[in-house]
Amino acid sequence: VVWTAEERVAIQEVFSRLDFESVGLETLTRCLTVYPWTQRYFGSFGNLYSAEAIMANPKVKAHGVVVLKGLEMAFNNMDNIKATFASLSELHSEKLQVDPGNFQLLGDCLTVVIASRMRTEFTAEIQAAWQKFLAVVIAALRRQYY
Ligand code: HEM
C-alpha cells in the first residue's frame, strides 16, 4: 500500500482528535446496538440489554480503548499493517471466531462517530484517507481467515 504525504497527515489529524475513551465507547455502543448480532461475541461482558446499558458497561468502555489502541498500533506501523496485525487476525479468526464481515460494520460505526465529532472538519479528503486506512486494517484482520 502506498500512502501519500497528504493521506498520512489526514490520518494523523483524525488520530490527534480522538479521545480513545469516549470515542471507543460510543463506537462499540453503536456497533452492538445497530448490529445486535455482534453482541454474541461479548457474552462475558454482562449487561448489553439496551444502548443505555451498553454505554454504562465498564467492560465495553475498557474494550473500546483496547480496539482504538489496536488501530493506533496500525497507524504507527502504516507501512507494515499486514504483519503488525497478523496475530490479531489469527486471534479474531481462530480463537474468537468473529465473522469477518463484522470488521467493516465496526469500522463504519467508528467513521460515524468521528464524523459526528469533527463535523465540517471531517472533509471529503480526510474521509477518503481515513476510509483507505480502515480498508487496509480490515484487509489485514481478514488475512488469517480461510
Ligand atoms: C479483542 C482489535 C473488530 C471482537 C480485541 C483486541 C484488540 C482488538 C486489540 C485485544 C486482543 C488481545 O487481548 O490480545 C480489534 C480491531 C477491530 C476489531 C482493531 C476492527 C477495527 C472486532 C469485531 C468484533 C471483535 C468486529 C466482534 C463483533 C473481539 C472480542 C475480543 C476482541 C470478542 C476479546 C474481548 C475480551 O474478551 O476481552 N480486538 N477488533 N473485534 N475483539 Fe476485536
# chains A, B, ... in the order shown; residues from 1 in each chain; ligands from 1
>>> residues_around(residues="Thr33 (chain A)", least_positions_apart="2", cutoff="10 Å", atoms="only C-alpha atoms", output="PyMOL selection string")
chain A and resi 27-31+35-39+48-52+54
>>> closest_atom_pairs(of="chain A", to="ligand 1", cutoff="10 Å", atoms="only C-alpha atoms and all ligand atoms", output="Markdown table")
| residue | atom | partner | partner_atom_place_in_ligand_line | distance |
| --- | --- | --- | --- | --- |
| A:Leu28 | CA | ligand 1 | 23 (C) | 9.1 |
| A:Cys31 | CA | ligand 1 | 28 (C) | 8.0 |
| A:Leu32 | CA | ligand 1 | 28 (C) | 8.0 |
| A:Tyr35 | CA | ligand 1 | 28 (C) | 8.9 |
| A:Pro36 | CA | ligand 1 | 28 (C) | 9.3 |
| A:Trp37 | CA | ligand 1 | 28 (C) | 7.9 |
| A:Thr38 | CA | ligand 1 | 28 (C) | 4.3 |
| A:Gln39 | CA | ligand 1 | 28 (C) | 6.9 |
| A:Arg40 | CA | ligand 1 | 28 (C) | 7.7 |
| A:Tyr41 | CA | ligand 1 | 33 (C) | 4.6 |
| A:Phe42 | CA | ligand 1 | 33 (C) | 5.2 |
| A:Gly43 | CA | ligand 1 | 33 (C) | 8.2 |
| A:Ser44 | CA | ligand 1 | 37 (O) | 6.8 |
| A:Phe45 | CA | ligand 1 | 37 (O) | 7.6 |
| A:Lys59 | CA | ligand 1 | 38 (O) | 8.0 |
| A:Val60 | CA | ligand 1 | 38 (O) | 9.0 |
| A:Ala62 | CA | ligand 1 | 38 (O) | 8.7 |
| A:His63 | CA | ligand 1 | 38 (O) | 6.5 |
| A:Gly64 | CA | ligand 1 | 8 (C) | 8.8 |
| A:Val65 | CA | ligand 1 | 9 (C) | 8.8 |
| A:Val66 | CA | ligand 1 | 9 (C) | 5.2 |
| A:Val67 | CA | ligand 1 | 2 (C) | 4.2 |
| A:Leu68 | CA | ligand 1 | 19 (C) | 6.5 |
| A:Lys69 | CA | ligand 1 | 9 (C) | 6.6 |
| A:Gly70 | CA | ligand 1 | 9 (C) | 4.3 |
| A:Leu71 | CA | ligand 1 | 19 (C) | 5.0 |
| A:Glu72 | CA | ligand 1 | 19 (C) | 8.6 |
| A:Met73 | CA | ligand 1 | 9 (C) | 8.9 |
| A:Ala74 | CA | ligand 1 | 19 (C) | 8.3 |
| A:Phe85 | CA | ligand 1 | 19 (C) | 8.6 |
| A:Ser87 | CA | ligand 1 | 14 (O) | 8.3 |
| A:Leu88 | CA | ligand 1 | 11 (C) | 6.3 |
| A:Ser89 | CA | ligand 1 | 15 (C) | 8.7 |
| A:Leu91 | CA | ligand 1 | 11 (C) | 7.2 |
| A:His92 | CA | ligand 1 | 42 (N) | 6.4 |
| A:Ser93 | CA | ligand 1 | 4 (C) | 9.8 |
| A:Lys95 | CA | ligand 1 | 34 (C) | 9.1 |
| A:Leu96 | CA | ligand 1 | 33 (C) | 5.9 |
| A:Gln97 | CA | ligand 1 | 4 (C) | 8.5 |
| A:Val98 | CA | ligand 1 | 27 (C) | 5.4 |
| A:Asp99 | CA | ligand 1 | 28 (C) | 7.2 |
| A:Pro100 | CA | ligand 1 | 26 (C) | 7.1 |
| A:Gly101 | CA | ligand 1 | 26 (C) | 7.6 |
| A:Asn102 | CA | ligand 1 | 26 (C) | 4.3 |
| A:Phe103 | CA | ligand 1 | 26 (C) | 4.1 |
| A:Gln104 | CA | ligand 1 | 26 (C) | 7.2 |
| A:Leu105 | CA | ligand 1 | 26 (C) | 6.8 |
| A:Leu106 | CA | ligand 1 | 26 (C) | 5.3 |
| A:Gly107 | CA | ligand 1 | 21 (C) | 5.4 |
| A:Asp108 | CA | ligand 1 | 21 (C) | 9.2 |
| A:Cys109 | CA | ligand 1 | 21 (C) | 9.8 |
| A:Leu110 | CA | ligand 1 | 21 (C) | 8.4 |
| A:Leu134 | CA | ligand 1 | 21 (C) | 7.2 |
| A:Ala135 | CA | ligand 1 | 21 (C) | 9.4 |
| A:Val137 | CA | ligand 1 | 21 (C) | 6.8 |
| A:Ile138 | CA | ligand 1 | 21 (C) | 6.4 |
| A:Ala140 | CA | ligand 1 | 19 (C) | 9.8 |
| A:Leu141 | CA | ligand 1 | 20 (C) | 7.4 |
| A:Arg142 | CA | ligand 1 | 20 (C) | 9.9 |
>>> residues_around(residues="Ile11 (chain A)", least_positions_apart="5", cutoff="10 Å", atoms="only C-alpha atoms", output="number ranges by chain")
A: 6, 16, 75, 126-133
>>> atom_distance(atom1="CA of Val2 (chain A)", atom2="CA of Ile114 (chain A)")
23.7 Å
>>> select_by_dssp(residues="chain A", states="helix (DSSP H, G or I)", output="PDB file with C-alpha atoms, in the first residue's frame")
ATOM      1  CA  ALA A   5       2.051  12.652   2.353  1.00  0.00           C
ATOM      2  CA  GLU A   6      -1.456  14.187   2.387  1.00  0.00           C
ATOM      3  CA  GLU A   7      -3.030  10.887   3.440  1.00  0.00           C
ATOM      4  CA  ARG A   8      -0.552  10.485   6.285  1.00  0.00           C
ATOM      5  CA  VAL A   9      -1.323  13.995   7.503  1.00  0.00           C
ATOM      6  CA  ALA A  10      -5.071  13.384   7.251  1.00  0.00           C
ATOM      7  CA  ILE A  11      -4.953  10.160   9.265  1.00  0.00           C
ATOM      8  CA  GLN A  12      -2.660  11.793  11.818  1.00  0.00           C
ATOM      9  CA  GLU A  13      -5.209  14.605  12.100  1.00  0.00           C
ATOM     10  CA  VAL A  14      -8.029  12.143  12.821  1.00  0.00           C
ATOM     11  CA  PHE A  15      -5.992  10.308  15.474  1.00  0.00           C
ATOM     12  CA  SER A  16      -4.956  13.557  17.150  1.00  0.00           C
ATOM     13  CA  ARG A  17      -8.652  14.360  17.590  1.00  0.00           C
ATOM     14  CA  PHE A  20      -9.971   6.976  22.996  1.00  0.00           C
ATOM     15  CA  GLU A  21     -12.293   6.504  25.984  1.00  0.00           C
ATOM     16  CA  SER A  22     -15.339   8.302  24.708  1.00  0.00           C
ATOM     17  CA  VAL A  23     -14.910   7.516  21.016  1.00  0.00           C
ATOM     18  CA  GLY A  24     -14.191   3.846  21.740  1.00  0.00           C
ATOM     19  CA  LEU A  25     -17.223   3.553  23.980  1.00  0.00           C
ATOM     20  CA  GLU A  26     -19.568   5.261  21.540  1.00  0.00           C
ATOM     21  CA  THR A  27     -18.245   3.221  18.623  1.00  0.00           C
ATOM     22  CA  LEU A  28     -18.771  -0.113  20.385  1.00  0.00           C
ATOM     23  CA  THR A  29     -22.168   1.005  21.687  1.00  0.00           C
ATOM     24  CA  ARG A  30     -23.275   1.889  18.165  1.00  0.00           C
ATOM     25  CA  CYS A  31     -21.981  -1.383  16.756  1.00  0.00           C
ATOM     26  CA  LEU A  32     -23.652  -3.510  19.452  1.00  0.00           C
ATOM     27  CA  THR A  33     -26.917  -1.547  19.083  1.00  0.00           C
ATOM     28  CA  VAL A  34     -27.151  -1.122  15.310  1.00  0.00           C
ATOM     29  CA  PRO A  36     -27.135  -6.570  17.623  1.00  0.00           C
ATOM     30  CA  TRP A  37     -25.748  -9.916  16.426  1.00  0.00           C
ATOM     31  CA  THR A  38     -22.278  -8.581  17.239  1.00  0.00           C
ATOM     32  CA  GLN A  39     -23.261  -8.961  20.924  1.00  0.00           C
ATOM     33  CA  ARG A  40     -22.800 -12.719  20.670  1.00  0.00           C
ATOM     34  CA  TYR A  41     -19.009 -12.381  20.905  1.00  0.00           C
ATOM     35  CA  PHE A  42     -19.200 -10.409  24.136  1.00  0.00           C
ATOM     36  CA  GLY A  43     -21.066 -12.902  26.308  1.00  0.00           C
ATOM     37  CA  SER A  44     -18.621 -12.307  29.155  1.00  0.00           C
ATOM     38  CA  PHE A  45     -19.287  -8.549  29.192  1.00  0.00           C
ATOM     39  CA  ALA A  51     -27.950   1.263  24.304  1.00  0.00           C
ATOM     40  CA  GLU A  52     -28.027   2.890  27.772  1.00  0.00           C
ATOM     41  CA  ALA A  53     -26.862  -0.330  29.443  1.00  0.00           C
ATOM     42  CA  ILE A  54     -24.071  -0.730  26.891  1.00  0.00           C
ATOM     43  CA  MET A  55     -22.928   2.890  27.353  1.00  0.00           C
ATOM     44  CA  PRO A  58     -17.359  -0.687  32.181  1.00  0.00           C
ATOM     45  CA  LYS A  59     -16.182  -3.703  30.178  1.00  0.00           C
ATOM     46  CA  VAL A  60     -17.424  -2.128  26.959  1.00  0.00           C
ATOM     47  CA  LYS A  61     -15.675   1.110  27.890  1.00  0.00           C
ATOM     48  CA  ALA A  62     -12.389  -0.685  28.550  1.00  0.00           C
ATOM     49  CA  HIS A  63     -12.661  -2.684  25.345  1.00  0.00           C
ATOM     50  CA  GLY A  64     -13.304   0.465  23.303  1.00  0.00           C
ATOM     51  CA  VAL A  65      -9.893   1.748  24.386  1.00  0.00           C
ATOM     52  CA  VAL A  66      -8.315  -1.630  23.512  1.00  0.00           C
ATOM     53  CA  VAL A  67      -9.728  -1.501  19.971  1.00  0.00           C
ATOM     54  CA  LEU A  68      -8.581   2.076  19.389  1.00  0.00           C
ATOM     55  CA  LYS A  69      -5.114   1.260  20.741  1.00  0.00           C
ATOM     56  CA  GLY A  70      -5.054  -1.566  18.203  1.00  0.00           C
ATOM     57  CA  LEU A  71      -5.855   0.915  15.465  1.00  0.00           C
ATOM     58  CA  GLU A  72      -3.184   3.265  16.776  1.00  0.00           C
ATOM     59  CA  MET A  73      -0.690   0.412  16.517  1.00  0.00           C
ATOM     60  CA  ALA A  74      -1.649   0.074  12.841  1.00  0.00           C
ATOM     61  CA  PHE A  75      -1.215   3.831  12.421  1.00  0.00           C
ATOM     62  CA  ASN A  76       2.250   3.669  13.986  1.00  0.00           C
ATOM     63  CA  ILE A  81      -0.055  -3.127   8.732  1.00  0.00           C
ATOM     64  CA  LYS A  82      -0.386  -6.699   7.464  1.00  0.00           C
ATOM     65  CA  ALA A  83       2.481  -8.023   9.563  1.00  0.00           C
ATOM     66  CA  THR A  84       1.540  -5.833  12.521  1.00  0.00           C
ATOM     67  CA  ALA A  86      -1.010 -10.993  11.854  1.00  0.00           C
ATOM     68  CA  SER A  87      -1.519 -12.254  15.392  1.00  0.00           C
ATOM     69  CA  LEU A  88      -4.615 -10.097  15.923  1.00  0.00           C
ATOM     70  CA  SER A  89      -6.095 -11.581  12.756  1.00  0.00           C
ATOM     71  CA  GLU A  90      -5.349 -15.078  13.979  1.00  0.00           C
ATOM     72  CA  LEU A  91      -6.963 -14.280  17.350  1.00  0.00           C
ATOM     73  CA  HIS A  92     -10.199 -12.995  15.769  1.00  0.00           C
ATOM     74  CA  SER A  93     -10.342 -15.880  13.341  1.00  0.00           C
ATOM     75  CA  GLU A  94      -9.268 -18.946  15.284  1.00  0.00           C
ATOM     76  CA  LYS A  95      -9.959 -18.135  18.913  1.00  0.00           C
ATOM     77  CA  GLY A 101     -17.971  -9.120   7.809  1.00  0.00           C
ATOM     78  CA  ASN A 102     -18.278  -7.516  11.235  1.00  0.00           C
ATOM     79  CA  PHE A 103     -14.956  -5.680  10.854  1.00  0.00           C
ATOM     80  CA  GLN A 104     -16.480  -3.398   8.239  1.00  0.00           C
ATOM     81  CA  LEU A 105     -19.533  -2.779  10.423  1.00  0.00           C
ATOM     82  CA  LEU A 106     -17.396  -1.736  13.385  1.00  0.00           C
ATOM     83  CA  GLY A 107     -15.273   0.430  11.092  1.00  0.00           C
ATOM     84  CA  ASP A 108     -18.388   2.145   9.752  1.00  0.00           C
ATOM     85  CA  CYS A 109     -19.580   2.873  13.291  1.00  0.00           C
ATOM     86  CA  LEU A 110     -16.200   4.411  14.093  1.00  0.00           C
ATOM     87  CA  THR A 111     -16.402   6.601  10.992  1.00  0.00           C
ATOM     88  CA  VAL A 112     -19.871   7.799  12.024  1.00  0.00           C
ATOM     89  CA  VAL A 113     -18.589   8.719  15.487  1.00  0.00           C
ATOM     90  CA  ILE A 114     -15.573  10.543  14.052  1.00  0.00           C
ATOM     91  CA  ALA A 115     -17.802  12.458  11.645  1.00  0.00           C
ATOM     92  CA  SER A 116     -20.136  13.447  14.470  1.00  0.00           C
ATOM     93  CA  ARG A 117     -17.194  14.755  16.500  1.00  0.00           C
ATOM     94  CA  MET A 118     -15.239  16.510  13.725  1.00  0.00           C
ATOM     95  CA  ARG A 119     -18.309  17.761  11.853  1.00  0.00           C
ATOM     96  CA  THR A 120     -17.288  20.045   8.951  1.00  0.00           C
ATOM     97  CA  GLU A 121     -13.610  19.402   9.648  1.00  0.00           C
ATOM     98  CA  ALA A 124     -14.134  14.564   1.908  1.00  0.00           C
ATOM     99  CA  GLU A 125     -10.340  14.367   1.576  1.00  0.00           C
ATOM    100  CA  ILE A 126      -9.879  13.413   5.210  1.00  0.00           C
ATOM    101  CA  GLN A 127     -12.689  10.872   4.966  1.00  0.00           C
ATOM    102  CA  ALA A 128     -11.120   9.358   1.840  1.00  0.00           C
ATOM    103  CA  ALA A 129      -7.761   8.882   3.583  1.00  0.00           C
ATOM    104  CA  TRP A 130      -9.479   7.559   6.711  1.00  0.00           C
ATOM    105  CA  GLN A 131     -11.556   5.005   4.800  1.00  0.00           C
ATOM    106  CA  LYS A 132      -8.475   3.842   2.940  1.00  0.00           C
ATOM    107  CA  PHE A 133      -6.721   3.342   6.283  1.00  0.00           C
ATOM    108  CA  LEU A 134      -9.675   1.340   7.628  1.00  0.00           C
ATOM    109  CA  ALA A 135      -9.829  -0.739   4.442  1.00  0.00           C
ATOM    110  CA  VAL A 136      -6.165  -1.691   4.861  1.00  0.00           C
ATOM    111  CA  VAL A 137      -6.706  -2.509   8.547  1.00  0.00           C
ATOM    112  CA  ILE A 138      -9.744  -4.660   7.738  1.00  0.00           C
ATOM    113  CA  ALA A 139      -7.904  -6.497   4.951  1.00  0.00           C
ATOM    114  CA  ALA A 140      -5.088  -7.224   7.443  1.00  0.00           C
ATOM    115  CA  LEU A 141      -7.582  -8.516  10.016  1.00  0.00           C
ATOM    116  CA  ARG A 142      -9.193 -10.780   7.400  1.00  0.00           C
TER     117      ARG A 142
END
